[in-house]
$ cat data-v2.txt   # compact mmCIF, C-alpha atoms
# COMPACT_ATOMS: atom_id res chain seq x y z
CA MET A 5 0.00 0.00 0.00
CA GLU A 6 2.77 2.39 0.96
CA LEU A 7 4.69 1.47 -2.19
CA GLY A 8 1.60 2.31 -4.23
CA TRP A 9 1.35 5.78 -2.68
CA LEU A 10 5.05 6.36 -3.30
CA LEU A 11 4.66 5.39 -6.95
CA TRP A 12 1.64 7.65 -7.35
CA GLY A 13 3.52 10.51 -5.68
CA ALA A 14 6.53 10.02 -7.91
CA ALA A 15 4.28 9.92 -10.97
CA VAL A 16 2.58 13.19 -9.97
CA LEU A 17 5.92 14.91 -9.38
CA LEU A 18 7.22 13.70 -12.74
CA LEU A 19 4.05 14.91 -14.44
CA LEU A 20 4.31 18.34 -12.81
CA HIS A 21 7.97 18.58 -13.82
CA PHE A 22 7.08 17.63 -17.38
CA LEU A 23 4.26 20.19 -17.51
CA THR A 24 6.43 22.99 -16.16
CA GLU A 25 9.05 22.24 -18.81
CA LEU A 26 6.41 22.00 -21.52
CA SER A 27 4.14 24.90 -20.57
CA PRO A 28 5.25 28.33 -19.30
CA ALA A 29 1.66 28.92 -18.13
CA VAL A 30 1.76 25.86 -15.85
CA ASN A 31 5.19 26.84 -14.54
CA PHE A 32 3.91 30.36 -13.84
CA ALA A 33 0.81 29.10 -12.02
CA LEU A 34 2.76 26.61 -9.91
CA ARG A 35 5.44 29.10 -8.89
CA LEU A 36 2.89 31.79 -8.13
CA GLY A 37 0.84 29.29 -6.14
CA TRP A 38 3.93 28.27 -4.19
CA TYR A 39 4.65 31.95 -3.47
CA CYS A 40 1.14 32.35 -2.04
CA VAL A 41 1.64 29.22 0.08
CA LEU A 42 4.91 30.64 1.41
CA CYS A 43 3.16 33.90 2.32
CA VAL A 44 0.54 32.00 4.31
CA MET A 45 3.07 29.69 5.96
CA GLY A 46 5.37 32.61 6.78
CA SER A 47 2.49 34.56 8.30
CA LEU A 48 1.43 31.58 10.43
CA LEU A 49 5.02 31.18 11.59
CA ALA A 50 5.67 34.85 12.33
CA ALA A 51 2.37 35.78 14.00
CA PRO A 52 2.90 33.77 17.23
CA ALA A 53 6.47 35.07 17.48
CA CYS A 54 5.20 38.67 17.12
CA LEU A 55 2.58 38.14 19.83
CA LEU A 56 4.93 36.35 22.23
CA LEU A 57 7.96 38.59 21.82
CA ASN A 58 6.38 42.01 21.36
CA GLY A 59 2.85 41.58 22.71
CA GLY A 60 0.86 42.75 19.68
CA ARG A 61 0.84 45.44 16.99
CA THR A 62 4.17 47.29 16.84
CA VAL A 63 6.75 48.29 14.25
CA ARG A 64 9.28 46.14 16.15
CA ASN A 65 7.53 43.08 14.68
CA MET A 66 8.85 44.04 11.25
CA ARG A 67 12.23 42.58 12.26
CA ILE A 68 10.62 39.17 12.74
CA ILE A 69 8.60 39.42 9.52
CA LYS A 70 11.67 40.61 7.62
CA ASN A 71 13.76 37.62 8.68
CA VAL A 72 11.02 35.20 7.60
CA VAL A 73 10.35 36.80 4.21
CA LYS A 74 14.06 37.10 3.36
CA THR A 75 14.18 33.30 3.06
CA PHE A 76 11.61 33.29 0.21
CA LYS A 77 14.14 34.33 -2.44
CA TYR A 78 15.96 31.00 -2.12
CA PHE A 79 12.86 29.09 -3.23
CA PHE A 80 12.71 31.06 -6.50
CA GLY A 81 16.37 31.54 -7.33
CA LEU A 82 16.21 35.31 -6.90
CA ARG A 83 19.33 37.32 -6.09
CA PHE A 84 19.49 40.89 -4.83
CA GLU A 85 22.30 43.34 -5.50
CA VAL A 86 21.87 46.27 -3.11
CA LYS A 87 23.72 49.58 -3.24
CA ARG A 88 23.93 52.56 -0.86
CA LEU A 89 22.03 51.23 2.14
CA GLU A 90 23.85 53.93 4.12
CA ASN A 91 21.43 56.49 2.65
CA PHE A 92 18.81 55.14 5.06
CA GLU A 93 20.93 56.41 7.95
CA VAL A 94 19.21 59.75 8.42
CA GLU A 95 18.55 61.11 11.87
CA GLY A 96 14.86 61.07 12.72
CA PRO A 97 11.83 60.05 10.63
CA ALA A 98 11.64 60.01 6.83
CA ILE A 99 9.40 59.10 3.92
CA ILE A 100 10.72 56.29 1.73
CA VAL A 101 9.29 56.04 -1.79
CA SER A 102 9.89 53.17 -4.23
CA ASN A 103 8.58 51.77 -7.49
CA HIS A 104 5.87 49.09 -7.29
CA GLN A 105 5.99 46.26 -9.86
CA SER A 106 4.30 43.09 -8.61
CA ILE A 107 3.29 40.95 -5.66
CA LEU A 108 6.95 39.93 -5.48
CA ASP A 109 7.79 43.44 -4.24
CA MET A 110 7.38 42.20 -0.67
CA MET A 111 10.61 40.22 -1.03
CA GLY A 112 12.43 43.28 -2.32
CA LEU A 113 10.96 45.41 0.46
CA MET A 114 12.09 43.07 3.22
CA GLU A 115 15.55 42.73 1.66
CA VAL A 116 16.39 46.37 2.46
CA LEU A 117 13.76 47.48 5.02
CA PRO A 118 15.42 49.67 7.68
CA ASP A 119 14.53 49.42 11.35
CA ASN A 120 11.56 51.41 12.66
CA CYS A 121 9.89 51.55 9.27
CA VAL A 122 6.23 50.87 8.48
CA GLN A 123 4.43 50.66 5.16
CA VAL A 124 1.29 52.29 3.83
CA ALA A 125 -1.08 49.81 2.15
CA LYS A 126 -4.62 49.73 0.83
CA ARG A 127 -7.24 48.80 3.44
CA GLU A 128 -8.42 45.72 1.50
CA LEU A 129 -5.18 43.91 2.36
CA MET A 130 -6.12 43.92 6.03
CA TYR A 131 -8.84 41.35 5.26
CA THR A 132 -6.59 38.78 3.56
CA GLY A 133 -6.61 36.26 6.40
CA CYS A 134 -3.35 35.46 8.15
CA VAL A 135 -1.41 37.67 5.71
CA GLY A 136 -3.57 40.64 6.69
CA LEU A 137 -3.05 39.74 10.35
CA ILE A 138 0.73 39.74 10.06
CA MET A 139 0.61 43.09 8.24
CA TYR A 140 -1.51 44.48 11.07
CA LEU A 141 0.88 43.12 13.71
CA GLY A 142 3.78 44.71 11.83
CA GLY A 143 2.24 48.16 12.16
CA VAL A 144 1.28 48.58 8.49
CA ILE A 145 -0.89 51.69 8.01
CA PHE A 146 -4.06 50.88 6.07
CA ILE A 147 -5.82 53.59 4.08
CA ASN A 148 -9.09 53.65 2.17
CA ARG A 149 -7.97 54.76 -1.28
CA LYS A 150 -11.59 55.06 -2.45
CA SER A 151 -12.26 57.83 0.06
CA THR A 152 -10.09 60.90 -0.43
CA THR A 153 -11.27 62.44 2.85
CA SER A 154 -10.52 59.29 4.83
CA ALA A 155 -7.10 58.89 3.24
CA LYS A 156 -6.16 62.51 4.00
CA MET A 157 -7.23 62.11 7.64
CA VAL A 158 -5.14 58.96 7.98
CA MET A 159 -2.10 60.59 6.40
CA THR A 160 -2.42 63.57 8.75
CA GLU A 161 -2.34 61.16 11.70
CA VAL A 162 0.60 59.36 10.09
CA ALA A 163 2.55 62.62 9.97
CA LYS A 164 1.98 63.18 13.69
CA THR A 165 2.82 59.60 14.63
CA MET A 166 5.90 59.54 12.41
CA VAL A 167 7.43 62.51 14.19
CA ALA A 168 6.28 61.53 17.69
CA GLU A 169 7.49 57.91 17.45
CA ASN A 170 10.52 58.56 15.21
CA VAL A 171 9.56 56.06 12.52
CA LYS A 172 10.09 55.96 8.78
CA VAL A 173 7.14 55.39 6.44
CA TRP A 174 7.42 53.42 3.18
CA VAL A 175 5.06 54.46 0.37
CA TYR A 176 4.56 53.29 -3.23
CA PRO A 177 3.74 56.59 -4.97
CA GLU A 178 2.54 54.87 -8.17
CA GLY A 179 -0.41 53.68 -6.10
CA THR A 180 -0.75 50.29 -7.77
CA ARG A 181 1.38 47.45 -9.10
CA ASN A 182 2.95 48.16 -12.48
CA CYS A 183 4.82 45.47 -14.42
CA THR A 184 5.05 47.39 -17.71
CA GLY A 185 8.79 47.97 -17.56
CA ASP A 186 8.30 51.69 -16.91
CA PHE A 187 6.86 54.00 -14.24
CA LEU A 188 3.29 55.14 -13.70
CA PRO A 189 2.78 58.81 -12.78
CA PHE A 190 3.29 59.45 -9.06
CA LYS A 191 0.40 60.27 -6.76
CA LYS A 192 1.26 63.14 -4.44
CA GLY A 193 0.17 61.84 -1.03
CA ALA A 194 3.67 60.78 0.06
CA PHE A 195 5.11 64.17 -0.88
CA HIS A 196 2.35 66.07 0.92
CA LEU A 197 3.15 63.93 3.95
CA ALA A 198 6.90 64.60 3.76
CA ILE A 199 6.43 68.36 3.49
CA GLN A 200 3.75 68.43 6.18
CA ALA A 201 6.09 66.65 8.60
CA GLN A 202 9.20 68.45 7.25
CA VAL A 203 11.07 65.16 6.91
CA PRO A 204 13.36 63.99 4.08
CA VAL A 205 12.26 61.80 1.18
CA ILE A 206 14.46 58.77 0.48
CA PRO A 207 13.91 57.24 -3.00
CA VAL A 208 14.51 53.51 -3.48
CA VAL A 209 14.63 52.02 -6.97
CA TYR A 210 14.32 48.37 -8.01
CA SER A 211 15.38 47.22 -11.47
CA SER A 212 12.76 45.88 -13.86
CA PHE A 213 11.31 42.43 -13.12
CA THR A 214 10.25 41.86 -16.73
CA THR A 215 13.24 39.66 -17.59
CA PHE A 216 12.11 36.99 -15.11
CA TYR A 217 8.53 37.86 -14.09
CA ASN A 218 5.73 38.93 -16.41
CA PRO A 219 2.10 37.92 -15.77
CA LYS A 220 1.06 38.81 -19.34
CA THR A 221 3.46 36.30 -20.89
CA LYS A 222 3.24 33.85 -17.95
CA LEU A 223 6.95 34.24 -17.27
CA PHE A 224 8.30 33.40 -13.81
CA THR A 225 11.90 32.21 -13.61
CA SER A 226 14.98 32.93 -11.51
CA GLY A 227 16.74 36.27 -11.85
CA LYS A 228 18.69 39.14 -10.31
CA ILE A 229 17.16 42.31 -8.88
CA LYS A 230 19.30 45.42 -8.52
CA VAL A 231 18.32 47.85 -5.77
CA GLU A 232 19.69 51.32 -5.14
CA VAL A 233 18.89 53.64 -2.24
CA LEU A 234 19.24 57.21 -3.51
CA PRO A 235 20.40 60.16 -1.38
CA PRO A 236 17.74 61.76 0.87
CA ILE A 237 15.95 64.83 -0.45
CA GLU A 238 15.39 67.47 2.24
CA THR A 239 12.00 69.15 2.61
CA LYS A 240 12.75 71.62 5.41
CA GLY A 241 11.36 75.01 4.46
CA LEU A 242 9.19 73.61 1.67
CA THR A 243 5.46 74.32 1.60
CA SER A 244 2.41 72.79 -0.05
CA ASP A 245 3.22 74.88 -3.11
CA ASP A 246 6.35 72.77 -3.58
CA VAL A 247 4.62 69.36 -3.60
CA SER A 248 4.39 69.06 -7.39
CA ASP A 249 8.03 70.02 -7.91
CA LEU A 250 9.15 67.53 -5.25
CA ALA A 251 7.06 64.74 -6.80
CA ASP A 252 8.37 65.49 -10.30
CA ARG A 253 11.97 65.60 -9.08
CA CYS A 254 11.62 62.19 -7.44
CA PHE A 255 9.81 60.76 -10.46
CA HIS A 256 12.46 61.75 -12.98
CA THR A 257 15.43 60.82 -10.76
CA MET A 258 13.96 57.43 -9.89
CA ARG A 259 12.87 56.69 -13.46
CA GLU A 260 16.32 57.45 -14.85
CA THR A 261 17.89 55.22 -12.16
CA PHE A 262 15.36 52.49 -12.97
CA PHE A 263 16.44 52.32 -16.61
CA MET A 264 20.10 52.41 -15.61
CA LEU A 265 19.70 49.52 -13.14
CA SER A 266 17.67 47.58 -15.69
CA GLY A 267 20.44 47.90 -18.30
CA ARG A 268 18.22 49.84 -20.67
CA PRO A 269 18.74 53.29 -22.20
CA SER A 270 16.70 56.03 -20.59
CA PRO A 271 13.96 57.47 -22.84
CA MET A 272 15.40 60.89 -21.98
CA THR A 273 18.51 60.01 -23.99
CA CYS A 274 16.67 58.27 -26.85
CA HIS A 275 14.70 59.57 -29.77
CA SER A 276 11.41 58.58 -28.15
CA GLY A 277 10.87 62.12 -26.93
CA ASP A 278 7.12 61.89 -27.38
CA THR A 279 6.93 59.10 -24.81
CA MET A 280 8.99 61.08 -22.31
CA ASP A 281 6.98 64.22 -22.89
CA GLN A 282 3.77 62.30 -22.33
CA HIS A 283 5.01 60.91 -19.01
CA THR A 284 6.16 64.36 -17.96
CA ARG A 285 2.82 65.96 -18.79
CA VAL A 286 0.79 63.30 -17.00
CA SER A 287 3.08 63.38 -13.96
CA SER A 288 2.82 67.15 -13.71
CA GLN A 289 -0.97 67.09 -13.95
CA ARG A 290 -1.46 64.71 -10.99

$ encode --input "data-v2.txt" --output "structure tokens"
Amino acid sequence: MELGWLLWGAAVLLLLHFLTELSPAVNFALRLGWYCVLCVMGSLLAAPACLLLNGGRTVRNMRIIKNVVKTFKYFFGLRFEVKRLENFEVEGPAIIVSNHQSILDMMGLMEVLPDNCVQVAKRELMYTGCVGLIMYLGGVIFINRKSTTSAKMVMTEVAKTMVAENVKVWVYPEGTRNCTGDFLPFKKGAFHLAIQAQVPVIPVVYSSFTTFYNPKTKLFTSGKIKVEVLPPIETKGLTSDDVSDLADRCFHTMRETFFMLSGRPSPMTCHSGDTMDQHTRVSSQR
């Protein structure tokens, strides 16, 4: 009986291996499914540790979560090349902004996350079972993006808490995942927050995932991700009138770095001026 189960198990594994080699779609689905399983298992593992060691919701739990998530990369053959982590070493609170490409961003986030740093996320993620629970325990700030008034009230409280508790806040200014191989225009909430609290903005740029991860083409293989932490941008003395300029400055600096890290020529140095102009116009209008 046991031999029969072993044979069936071996046959299933061989079939799955054959299908992954034969079909990129099957390989993509299996790897993505395994990533979701790891997220659930990691949350179930980290939640008791967070409750036992730190007693509940606190940014200190991010150290525990970080150590768990940093193991995920080994299951997918992902390598990170990180530069200029020392730029996180600013005295006091700060706003960290980075590009947002896919659900795999969590691995990139935890690879470089500094101490005393919380993330801003959409409220819907709080209701994703044990994953939502671990985000809550880690101090993640949930906002209702469908309600402008609610989001502004939350961000005002974030500014006060950030200064009072000396924490850094990580925001994805594109507002949604974007695996196009370029940037979406930045929303201005993070830059309003930085100026309101008079704290520096620290840009973080991840190279393009499109060489190893692309949902449209069902691509999900191993690969290398380059990460660079750019120098802090001071906001002391800036007012609400400077929000658009600050957002545009970050957008263009980060976008140029993105193409450089991805080994691709920047549109600003190519003949595709119309594309660059379009991005500039849309960014400036938001």

$ residues_around --input "data-v2.txt" --residues "Gly60 in chain A" --least-positions-apart "4" --cutoff "10 Å" --atoms "only C-alpha atoms" --output "mmCIF file with C-alpha atoms, in the frame of the given file"
data_model
loop_
_atom_site.group_PDB
_atom_site.id
_atom_site.type_symbol
_atom_site.label_atom_id
_atom_site.label_comp_id
_atom_site.auth_asym_id
_atom_site.auth_seq_id
_atom_site.Cartn_x
_atom_site.Cartn_y
_atom_site.Cartn_z
ATOM 1 C CA ALA A 51 2.370 35.780 14.000
ATOM 2 C CA PRO A 52 2.900 33.770 17.230
ATOM 3 C CA ALA A 53 6.470 35.070 17.480
ATOM 4 C CA CYS A 54 5.200 38.670 17.120
ATOM 5 C CA LEU A 55 2.580 38.140 19.830
ATOM 6 C CA LEU A 56 4.930 36.350 22.230
ATOM 7 C CA ARG A 64 9.280 46.140 16.150
ATOM 8 C CA ASN A 65 7.530 43.080 14.680
ATOM 9 C CA TYR A 140 -1.510 44.480 11.070
ATOM 10 C CA LEU A 141 0.880 43.120 13.710
ATOM 11 C CA GLY A 142 3.780 44.710 11.830
ATOM 12 C CA GLY A 143 2.240 48.160 12.160
#

$ closest_residue --input "data-v2.txt" --among "A:Pro269, A:Pro97, A:Gly81, A:Gly227" --to "Pro118 in chain A" --atoms "all atoms listed in the file"
A:Pro97

$ residues_near_point --input "data-v2.txt" --point "(28.8, 54.3, -4.5)" --cutoff "12 Å" --atoms "all atoms listed in the file" --output "list in words"
Val86, Lys87, Arg88, Leu89, Glu90, Asn91, Glu232, Val233, Leu234 and Pro235 of chain A

$ write_last_selection --input "data-v2.txt" --atoms "C-alpha atoms" --output "PDB file, in the frame of the given file"
ATOM      1  CA  VAL A  86      21.870  46.270  -3.110  1.00  0.00           C
ATOM      2  CA  LYS A  87      23.720  49.580  -3.240  1.00  0.00           C
ATOM      3  CA  ARG A  88      23.930  52.560  -0.860  1.00  0.00           C
ATOM      4  CA  LEU A  89      22.030  51.230   2.140  1.00  0.00           C
ATOM      5  CA  GLU A  90      23.850  53.930   4.120  1.00  0.00           C
ATOM      6  CA  ASN A  91      21.430  56.490   2.650  1.00  0.00           C
ATOM      7  CA  GLU A 232      19.690  51.320  -5.140  1.00  0.00           C
ATOM      8  CA  VAL A 233      18.890  53.640  -2.240  1.00  0.00           C
ATOM      9  CA  LEU A 234      19.240  57.210  -3.510  1.00  0.00           C
ATOM     10  CA  PRO A 235      20.400  60.160  -1.380  1.00  0.00           C
TER      11      PRO A 235
END

$ closest_residue --input "data-v2.txt" --among "A:Ile68, A:Cys254, A:Leu265, A:Val122" --to "Ala50 in chain A" --atoms "only C-alpha atoms"
A:Ile68

$ closest_residue --input "data-v2.txt" --among "A:Gly46, A:Gly136, A:Gly96, A:Gly185" --to "Ala201 in chain A" --atoms "all atoms listed in the file"
A:Gly96

$ residues_around --input "data-v2.txt" --residues "Cys121 in chain A" --least-positions-apart "2" --cutoff "7 Å" --atoms "all atoms listed in the file" --output "ChimeraX atom specification"
/A:63,118-119,123,171-174

$ axis_aligned_box --input "data-v2.txt" --around "range 201-210 of chain A" --padding-each-side "8 Å" --output "lines of an AutoDock Vina configuration file"
center_x = 10.4
center_y = 58.4
center_z = 0.3
size_x = 24.5
size_y = 36.1
size_z = 32.6

$ closest_residue --input "data-v2.txt" --among "A:Asn31, A:Thr261, A:Thr132, A:Ser270" --to "Val208 in chain A" --atoms "only C-alpha atoms"
A:Thr261

$ closest_residue --input "data-v2.txt" --among "A:Phe76, A:Phe32, A:Phe255, A:Phe187" --to "Thr225 in chain A" --atoms "only C-alpha atoms"
A:Phe32

$ atom_distance --input "data-v2.txt" --atom1 "CA of Lys74 in chain A" --atom2 "CA of Phe146 in chain A"
22.9 Å

$ atom_distance --input "data-v2.txt" --atom1 "CA of Met111 in chain A" --atom2 "CA of Phe84 in chain A"
9.7 Å

$ closest_residue --input "data-v2.txt" --among "A:Ser244, A:Asn103, A:Thr62, A:Gln202" --to "Thr180 in chain A" --atoms "only C-alpha atoms"
A:Asn103

$ atom_distance --input "data-v2.txt" --atom1 "CA of Thr75 in chain A" --atom2 "CA of Ser211 in chain A"
20.2 Å

$ closest_atom_pairs --input "data-v2.txt" --of "range 160-229 of chain A" --to "range 237-240 of chain A" --cutoff "6 Å" --atoms "only C-alpha atoms" --output "CSV"
residue,atom,partner,partner_atom,distance
A:Ile199,CA,A:Thr239,CA,5.7
A:Gln202,CA,A:Lys240,CA,5.1
A:Val203,CA,A:Thr239,CA,5.9
A:Pro204,CA,A:Glu238,CA,4.4
A:Val205,CA,A:Ile237,CA,5.0
